[in-house]
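Quick look at model14.txt (compact mmCIF, C-alpha atoms):
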```txt
# COMPACT_ATOMS: atom_id res chain seq x y z
CA MET A 28 0.00 0.00 0.00
CA GLY A 29 1.29 3.50 -0.88
CA GLU A 30 1.02 6.65 1.20
CA THR A 31 -2.48 7.21 -0.11
CA GLY A 32 -3.48 3.68 0.86
CA ALA A 33 -4.33 3.03 -2.79
CA ARG A 34 -3.25 -0.38 -3.98
CA ARG A 35 -0.45 -0.39 -6.56
CA THR A 36 -1.00 -2.68 -9.53
CA SER A 37 0.54 -3.25 -12.94
CA ALA A 38 -1.52 -0.40 -14.46
CA HIS A 39 0.66 2.48 -15.63
CA VAL A 40 -0.48 5.79 -14.13
CA VAL A 41 -0.19 9.01 -16.14
CA VAL A 42 -0.90 12.25 -14.27
CA LEU A 43 -1.52 15.57 -16.01
CA GLY A 44 -0.45 18.29 -13.60
CA ASN A 45 0.30 22.00 -13.54
CA GLU A 46 -0.79 24.66 -11.05
CA LYS A 47 -1.85 27.01 -13.82
CA GLY A 48 -5.07 26.92 -15.78
CA GLY A 49 -5.16 27.12 -19.56
CA SER A 50 -1.99 25.14 -20.13
CA GLY A 51 -3.69 22.35 -22.09
CA LYS A 52 -3.93 19.61 -19.45
CA THR A 53 -7.42 18.40 -20.37
CA THR A 54 -6.83 18.51 -24.13
CA THR A 55 -3.62 16.53 -23.65
CA ALA A 56 -5.31 14.08 -21.28
CA MET A 57 -8.22 13.34 -23.62
CA HIS A 58 -6.00 12.86 -26.67
CA LEU A 59 -3.73 10.55 -24.71
CA ILE A 60 -6.76 8.58 -23.51
CA ALA A 61 -8.11 8.32 -27.05
CA HIS A 62 -4.74 7.17 -28.39
CA LEU A 63 -4.45 4.42 -25.79
CA LEU A 64 -8.03 3.30 -26.38
CA HIS A 65 -7.51 3.13 -30.14
CA GLU A 66 -4.42 1.00 -29.48
CA GLY A 67 -6.71 -1.50 -27.75
CA ALA A 68 -5.80 -0.64 -24.17
CA ARG A 69 -8.20 -0.58 -21.24
CA VAL A 70 -8.09 2.95 -19.88
CA GLY A 71 -9.40 4.36 -16.62
CA SER A 72 -9.57 8.12 -16.15
CA ILE A 73 -9.95 10.28 -13.05
CA ASP A 74 -10.96 13.93 -12.90
CA LEU A 75 -9.70 15.55 -9.69
CA ASP A 76 -11.23 18.95 -10.49
CA SER A 77 -14.86 18.45 -9.52
CA ARG A 78 -15.53 22.20 -9.79
CA GLN A 79 -14.58 22.77 -13.43
CA ARG A 80 -14.96 19.10 -14.45
CA SER A 81 -13.27 19.76 -17.80
CA LEU A 82 -12.22 16.16 -18.46
CA THR A 83 -15.56 14.88 -17.18
CA ARG A 84 -17.41 17.23 -19.52
CA TYR A 85 -15.21 16.07 -22.39
CA VAL A 86 -16.09 12.42 -21.68
CA GLU A 87 -19.79 13.26 -21.22
CA ASN A 88 -19.83 15.19 -24.50
CA ARG A 89 -18.16 12.24 -26.19
CA LYS A 90 -20.79 9.78 -24.99
CA ALA A 91 -23.66 12.15 -25.86
CA TRP A 92 -22.30 12.67 -29.38
CA ALA A 93 -21.80 8.94 -29.91
CA ASP A 94 -25.33 8.15 -28.68
CA GLY A 95 -26.84 10.89 -30.82
CA ALA A 96 -24.98 9.77 -33.94
CA SER A 97 -25.49 6.05 -33.20
CA VAL A 98 -21.72 5.59 -33.42
CA LYS A 99 -19.56 3.38 -31.23
CA LEU A 100 -16.64 5.32 -29.87
CA VAL A 101 -13.99 3.87 -27.58
CA MET A 102 -14.59 5.21 -24.08
CA PRO A 103 -12.56 5.35 -20.86
CA ASP A 104 -13.79 4.02 -17.53
CA HIS A 105 -14.23 7.47 -16.02
CA VAL A 106 -14.61 8.73 -12.45
CA VAL A 107 -14.75 12.25 -11.01
CA ILE A 108 -13.66 12.64 -7.39
CA PRO A 109 -15.75 15.24 -5.53
CA ARG A 110 -14.22 17.71 -3.14
CA SER A 111 -15.49 17.27 0.39
CA ASP A 112 -17.64 20.01 1.92
CA ALA A 113 -16.76 19.00 5.47
CA ALA A 114 -16.09 22.04 7.66
CA ILE A 115 -13.10 20.51 9.43
CA VAL A 116 -10.00 20.22 7.22
CA SER A 117 -8.92 16.83 8.58
CA ASP A 118 -12.40 15.42 7.96
CA ALA A 119 -12.48 16.81 4.42
CA GLN A 120 -9.07 15.36 3.63
CA ALA A 121 -10.01 11.97 5.06
CA ALA A 122 -13.15 11.88 2.91
CA GLU A 123 -11.27 12.91 -0.24
CA ARG A 124 -8.50 10.40 0.43
CA ALA A 125 -11.04 7.58 0.89
CA ALA A 126 -12.91 8.52 -2.32
CA PHE A 127 -9.67 8.64 -4.29
CA GLU A 128 -8.34 5.35 -2.92
CA THR A 129 -11.58 3.52 -3.74
CA ALA A 130 -11.73 4.83 -7.31
CA PHE A 131 -8.02 4.52 -8.02
CA THR A 132 -7.73 0.97 -6.72
CA ARG A 133 -10.69 -0.22 -8.81
CA LEU A 134 -9.47 1.48 -11.98
CA ALA A 135 -5.86 0.36 -11.54
CA ILE A 136 -6.94 -3.27 -11.17
CA ALA A 137 -9.34 -3.22 -14.12
CA ASN A 138 -7.27 -1.25 -16.64
CA ASP A 139 -3.90 -1.14 -18.38
CA TYR A 140 -3.50 2.61 -17.92
CA VAL A 141 -4.99 5.17 -15.57
CA VAL A 142 -4.95 8.82 -16.67
CA ILE A 143 -5.49 11.45 -13.96
CA ASP A 144 -6.32 15.09 -14.75
CA CYS A 145 -5.44 17.44 -11.87
CA PRO A 146 -6.89 20.89 -11.18
CA GLY A 147 -4.91 23.99 -12.07
CA THR A 148 -4.43 24.83 -8.40
CA ASP A 149 -2.61 23.31 -5.46
CA SER A 150 -5.04 21.08 -3.56
CA PHE A 151 -5.05 18.02 -1.33
CA LEU A 152 -6.51 15.86 -4.11
CA SER A 153 -3.93 17.10 -6.59
CA ARG A 154 -1.09 16.13 -4.25
CA ILE A 155 -2.58 12.66 -3.76
CA GLY A 156 -2.83 12.26 -7.53
CA HIS A 157 0.76 13.33 -8.10
CA ALA A 158 2.02 10.84 -5.51
CA VAL A 159 0.73 7.82 -7.48
CA ALA A 160 2.15 8.90 -10.86
CA ASP A 161 4.42 6.72 -12.93
CA THR A 162 4.54 9.38 -15.65
CA LEU A 163 3.86 13.02 -14.81
CA VAL A 164 3.02 15.25 -17.77
CA THR A 165 3.18 19.01 -17.22
CA PRO A 166 1.95 21.06 -20.18
CA MET A 167 3.09 24.67 -20.24
CA ASN A 168 2.54 27.53 -22.63
CA ASP A 169 5.80 28.79 -24.06
CA SER A 170 6.18 31.85 -21.86
CA PHE A 171 7.90 33.01 -18.70
CA VAL A 172 4.47 33.39 -17.08
CA ASP A 173 4.08 29.60 -17.17
CA PHE A 174 7.76 28.96 -16.49
CA ASP A 175 7.49 30.90 -13.23
CA LEU A 176 5.69 27.95 -11.61
CA LEU A 177 8.67 25.72 -12.43
CA GLY A 178 11.59 28.00 -11.68
CA ARG A 179 12.64 31.52 -10.71
CA VAL A 180 14.76 33.47 -13.19
CA ASP A 181 17.06 36.47 -12.76
CA PRO A 182 15.61 39.11 -15.13
CA GLN A 183 19.04 40.54 -15.89
CA SER A 184 21.18 37.46 -16.50
CA TRP A 185 18.35 35.03 -17.36
CA LYS A 186 19.99 32.49 -15.05
CA ILE A 187 17.92 30.23 -12.82
CA LYS A 188 17.73 31.38 -9.21
CA GLY A 189 16.01 28.21 -8.01
CA PRO A 190 12.99 25.92 -8.35
CA SER A 191 9.52 27.41 -7.83
CA VAL A 192 6.36 26.24 -6.08
CA TYR A 193 5.20 23.55 -8.48
CA SER A 194 8.66 22.03 -8.89
CA GLU A 195 8.96 21.85 -5.12
CA MET A 196 5.60 20.08 -4.92
CA VAL A 197 6.71 17.54 -7.54
CA TRP A 198 9.92 16.98 -5.58
CA GLU A 199 7.85 16.17 -2.48
CA SER A 200 5.63 13.85 -4.54
CA ARG A 201 8.69 12.00 -5.82
CA LYS A 202 9.92 11.52 -2.26
CA ARG A 203 6.51 10.24 -1.11
CA ARG A 204 6.33 7.85 -4.04
CA ALA A 205 9.82 6.49 -3.35
CA MET A 206 9.04 6.02 0.35
CA ALA A 207 5.68 4.40 -0.37
CA ASP A 208 6.69 1.65 -2.79
CA GLY A 209 10.16 2.42 -4.13
CA GLY A 210 8.69 3.70 -7.39
CA THR A 211 9.90 6.61 -9.49
CA ILE A 212 8.10 9.36 -11.37
CA ASP A 213 9.16 10.13 -14.94
CA TRP A 214 8.45 13.85 -15.24
CA VAL A 215 7.87 15.21 -18.75
CA VAL A 216 7.32 18.92 -19.39
CA ILE A 217 5.68 19.63 -22.73
CA ARG A 218 5.81 23.01 -24.47
CA ASN A 219 2.43 23.95 -25.93
CA ARG A 220 1.55 26.80 -28.27
CA LEU A 221 5.03 26.94 -29.73
CA SER A 222 5.46 29.81 -32.16
CA THR A 223 6.96 29.07 -35.56
CA LEU A 224 8.96 32.30 -35.24
CA ALA A 225 12.46 32.06 -33.82
CA ALA A 226 11.76 34.89 -31.40
CA LYS A 227 14.30 35.96 -28.77
CA ASN A 228 11.82 35.25 -25.94
CA LYS A 229 11.20 31.74 -27.30
CA ARG A 230 14.93 31.00 -27.29
CA ARG A 231 15.26 32.34 -23.76
CA VAL A 232 12.41 30.11 -22.52
CA GLU A 233 14.02 27.14 -24.24
CA ASN A 234 17.43 27.83 -22.70
CA VAL A 235 16.22 28.27 -19.13
CA LEU A 236 13.90 25.27 -19.43
CA GLU A 237 16.78 23.05 -20.52
CA ALA A 238 18.92 24.35 -17.67
CA LEU A 239 16.15 23.68 -15.14
CA ALA A 240 15.54 20.20 -16.60
CA ASP A 241 19.16 19.29 -15.92
CA ARG A 242 18.99 20.76 -12.44
CA ILE A 243 15.79 19.17 -11.07
CA GLY A 244 15.30 16.20 -13.36
CA PHE A 245 12.58 16.34 -15.98
CA ARG A 246 12.43 15.63 -19.70
CA ILE A 247 11.22 18.14 -22.30
CA ALA A 248 8.89 17.15 -25.11
CA PRO A 249 7.10 19.12 -27.85
CA GLY A 250 3.39 19.64 -27.24
CA PHE A 251 0.61 21.13 -29.33
CA GLY A 252 0.66 24.27 -31.42
CA GLU A 253 -1.95 26.99 -31.18
CA ARG A 254 -4.57 25.13 -33.20
CA VAL A 255 -8.24 26.07 -33.05
CA ILE A 256 -9.26 22.52 -33.98
CA PHE A 257 -8.31 21.23 -30.53
CA ARG A 258 -10.81 23.59 -28.89
CA GLU A 259 -13.46 23.04 -31.55
CA MET A 260 -13.64 19.33 -30.76
CA PHE A 261 -14.57 19.76 -27.10
CA PRO A 262 -18.38 20.10 -27.59
CA SER A 263 -18.52 16.78 -29.48
CA GLY A 264 -16.04 15.02 -27.24
CA LEU A 265 -14.11 13.89 -30.30
CA THR A 266 -10.34 13.89 -30.67
CA LEU A 267 -8.07 13.91 -33.68
CA LEU A 268 -7.55 10.17 -33.16
CA ASP A 269 -11.26 9.55 -33.85
CA MET A 270 -11.24 11.17 -37.28
CA ARG A 271 -10.86 7.88 -39.12
CA SER A 272 -13.30 5.94 -36.91
CA GLU A 273 -16.33 4.30 -38.52
CA GLY A 274 -19.28 6.69 -38.48
CA VAL A 275 -17.17 9.79 -37.83
CA GLU A 276 -17.41 11.89 -40.96
CA ALA A 277 -14.93 14.73 -41.10
CA GLN A 278 -12.73 16.30 -43.70
CA MET A 279 -9.04 16.01 -42.85
CA SER A 280 -7.39 19.35 -43.57
CA MET A 281 -3.66 19.96 -43.53
CA SER A 282 -4.13 21.50 -40.08
CA HIS A 283 -5.76 18.26 -38.88
CA VAL A 284 -2.91 16.21 -40.29
CA ALA A 285 -0.30 18.43 -38.64
CA ALA A 286 -2.13 18.31 -35.31
CA ARG A 287 -2.41 14.50 -35.45
CA ALA A 288 1.33 14.37 -36.02
CA GLU A 289 1.81 16.50 -32.90
CA VAL A 290 -0.30 14.09 -30.86
CA ARG A 291 1.60 11.05 -32.06
CA GLY A 292 4.91 12.81 -31.50
CA LEU A 293 3.93 13.55 -27.91
CA VAL A 294 2.83 9.97 -27.27
CA ASP A 295 6.13 8.66 -28.65
CA ALA A 296 8.07 11.09 -26.44
CA LEU A 297 6.31 9.85 -23.29
CA ASN A 298 7.78 6.35 -23.76
CA LEU A 299 4.83 4.67 -22.08
CA PRO A 300 5.15 0.93 -21.47
CA PRO A 301 3.51 -1.19 -24.17
CA LEU A 302 0.56 -3.49 -23.62
CA THR A 303 1.50 -6.98 -22.49
CA ARG A 304 -1.84 -8.73 -23.02
CA SER A 305 -2.04 -11.26 -25.83
CA ASP A 306 -5.13 -9.84 -27.51
CA PRO A 307 -5.56 -6.19 -26.55
CA ALA A 308 -7.95 -5.38 -29.39
CA ALA A 309 -10.47 -7.88 -28.10
CA THR A 310 -10.98 -5.91 -24.92
CA ALA A 311 -11.11 -2.38 -26.32
CA GLN A 312 -13.84 -0.43 -24.58
CA ALA A 313 -16.77 1.02 -26.48
CA SER A 314 -19.71 3.13 -25.54
```

Written as structure tokens, that's how I'd like the structure from this file.
Amino acid sequence: MGETGARRTSAHVVVLGNEKGGSGKTTTAMHLIAHLLHEGARVGSIDLDSRQRSLTRYVENRKAWADGASVKLVMPDHVVIPRSDAAIVSDAQAAERAAFETAFTRLAIANDYVVIDCPGTDSFLSRIGHAVADTLVTPMNDSFVDFDLLGRVDPQSWKIKGPSVYSEMVWESRKRRAMADGGTIDWVVIRNRLSTLAAKNKRRVENVLEALADRIGFRIAPGFGERVIFREMFPSGLTLLDMRSEGVEAQMSMSHVAARAEVRGLVDALNLPPLTRSDPAATAQAS
């Protein structure tokens, strides 16, 4: 049993985390889920932000669209963990811990992968989620506003002064994970909304990010460009990986093709463990 009390299994746990909203966590989470499902994997998903419920809404929209169009779409085994409204902090944390442990244990036993979407704020549930990660994915927009959560920079020399609040939280999560079961967290920071222009600010962000990666131990991977199509798909719950599915009629533009390549490039960069079951396609989930 880990620090959360949640049972560790062979399921690989991917956590999407960043203490800043608008970085692309939910879009990344849903496309990763869709990719794994289309590969024939059993996927459980957990939404730890019961206020915004962005991933939950994405999954609900997906099911509603599939039902309305009479189309079978691969679906995750999804759970949203509610925040406790208990007045006493210790009682609220105990209730949230129990709800998380119950959901996580069931999903980790029943699935090959569990994908957890964390809120864009520091919270008790977010810290619990981080502590069970095998792979931690932190999307960030390519700016010093987003970088500030990872590290502090001297504005004159552009040298790193030290890690910032989110990096320190990840460090604590890594220690808790190691103490709980000897496991490690592979931390991958992905740069979203990359400009095609070789701007001076872009190069500065790249340089300080690489320096911080060496210092505190994360990998850097390319994310998604500023593409409207990612946001346009939310109401239907579709992803770019569904575009060739039976019953999904959509014209593939060059922008779609480029965006699909970004998704596949990200998945490759994560180096997730492959399926080990003999016939994964036979157990793919459908709505």

Sorted by chain and rising residue number, which residues of segment 169-268 of chain A lie within 12 Å of segment 147-159 of chain A, and what are their closest atom pairs and distances in Å to one decimal, counting all atoms listed in the file, as JSON lines?
```
{"residue": "A:Asp173", "atom": "CA", "partner": "A:Gly147", "partner_atom": "CA", "distance": 11.8}
{"residue": "A:Leu176", "atom": "CA", "partner": "A:Thr148", "partner_atom": "CA", "distance": 11.1}
{"residue": "A:Val192", "atom": "CA", "partner": "A:Asp149", "partner_atom": "CA", "distance": 9.5}
{"residue": "A:Tyr193", "atom": "CA", "partner": "A:Asp149", "partner_atom": "CA", "distance": 8.4}
{"residue": "A:Ser194", "atom": "CA", "partner": "A:His157", "partner_atom": "CA", "distance": 11.8}
{"residue": "A:Glu195", "atom": "CA", "partner": "A:Arg154", "partner_atom": "CA", "distance": 11.6}
{"residue": "A:Met196", "atom": "CA", "partner": "A:Arg154", "partner_atom": "CA", "distance": 7.8}
{"residue": "A:Val197", "atom": "CA", "partner": "A:His157", "partner_atom": "CA", "distance": 7.3}
{"residue": "A:Trp198", "atom": "CA", "partner": "A:Ala158", "partner_atom": "CA", "distance": 10.0}
{"residue": "A:Glu199", "atom": "CA", "partner": "A:Ala158", "partner_atom": "CA", "distance": 8.5}
{"residue": "A:Ser200", "atom": "CA", "partner": "A:Ala158", "partner_atom": "CA", "distance": 4.8}
{"residue": "A:Arg201", "atom": "CA", "partner": "A:Ala158", "partner_atom": "CA", "distance": 6.8}
{"residue": "A:Lys202", "atom": "CA", "partner": "A:Ala158", "partner_atom": "CA", "distance": 8.6}
{"residue": "A:Arg203", "atom": "CA", "partner": "A:Ala158", "partner_atom": "CA", "distance": 6.3}
{"residue": "A:Arg204", "atom": "CA", "partner": "A:Ala158", "partner_atom": "CA", "distance": 5.4}
{"residue": "A:Ala205", "atom": "CA", "partner": "A:Ala158", "partner_atom": "CA", "distance": 9.2}
{"residue": "A:Met206", "atom": "CA", "partner": "A:Ala158", "partner_atom": "CA", "distance": 10.3}
{"residue": "A:Ala207", "atom": "CA", "partner": "A:Ala158", "partner_atom": "CA", "distance": 9.0}
{"residue": "A:Asp208", "atom": "CA", "partner": "A:Val159", "partner_atom": "CA", "distance": 9.8}
{"residue": "A:Gly209", "atom": "CA", "partner": "A:Val159", "partner_atom": "CA", "distance": 11.4}
{"residue": "A:Gly210", "atom": "CA", "partner": "A:Val159", "partner_atom": "CA", "distance": 9.0}
{"residue": "A:Thr211", "atom": "CA", "partner": "A:Val159", "partner_atom": "CA", "distance": 9.5}
{"residue": "A:Ile212", "atom": "CA", "partner": "A:Val159", "partner_atom": "CA", "distance": 8.5}
{"residue": "A:Asp213", "atom": "CA", "partner": "A:His157", "partner_atom": "CA", "distance": 11.3}
{"residue": "A:Trp214", "atom": "CA", "partner": "A:His157", "partner_atom": "CA", "distance": 10.5}
```

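Distances here use only C-alpha atoms; by that measure, the residue among A:Leu265, A:Ala240, A:Ala130, A:Leu75 closest to Met57 of chain A is A:Leu265.
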
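Between atom CA of Thr165 of chain A and atom CA of Met270 of chain A there is a distance of 25.9 Å.
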
Residue among A:Ser263, A:Ser170, A:Asn45, A:Thr55 lying closest to Val235 of chain A, counting all atoms listed in the file | A:Ser170

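The nearest approach to Pro300 of chain A among the residues A:Lys47, A:Ala119, A:Asp161, A:Ser97, with only C-alpha atoms taken into account, belongs to A:Asp161.
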
Rebuild segment 176-187 of chain A so that it carries N, CA and C atoms, then output the result as a compact mmCIF listing (two decimals), in the coordinates of the input.
```txt
# COMPACT_ATOMS: atom_id res chain seq x y z
N LEU A 176 6.11 28.99 -12.54
CA LEU A 176 5.69 27.95 -11.61
C LEU A 176 6.73 26.85 -11.48
N LEU A 177 7.62 26.75 -12.46
CA LEU A 177 8.67 25.72 -12.43
C LEU A 177 9.96 26.25 -11.82
N GLY A 178 10.34 27.47 -12.18
CA GLY A 178 11.59 28.00 -11.68
C GLY A 178 11.60 29.51 -11.66
N ARG A 179 12.48 30.07 -10.83
CA ARG A 179 12.64 31.52 -10.71
C ARG A 179 13.87 31.95 -11.51
N VAL A 180 13.71 33.02 -12.27
CA VAL A 180 14.76 33.47 -13.19
C VAL A 180 15.21 34.89 -12.85
N ASP A 181 16.51 35.12 -12.91
CA ASP A 181 17.06 36.47 -12.76
C ASP A 181 16.75 37.26 -14.03
N PRO A 182 16.03 38.38 -13.92
CA PRO A 182 15.61 39.11 -15.13
C PRO A 182 16.75 39.80 -15.86
N GLN A 183 17.90 39.90 -15.24
CA GLN A 183 19.04 40.54 -15.89
C GLN A 183 19.92 39.53 -16.61
N SER A 184 20.28 38.45 -15.92
CA SER A 184 21.18 37.46 -16.50
C SER A 184 20.45 36.30 -17.15
N TRP A 185 19.15 36.14 -16.86
CA TRP A 185 18.35 35.03 -17.36
C TRP A 185 18.86 33.68 -16.83
N LYS A 186 19.55 33.73 -15.69
CA LYS A 186 19.99 32.49 -15.05
C LYS A 186 18.98 32.07 -14.00
N ILE A 187 18.90 30.76 -13.76
CA ILE A 187 17.92 30.23 -12.82
C ILE A 187 18.36 30.51 -11.38
```
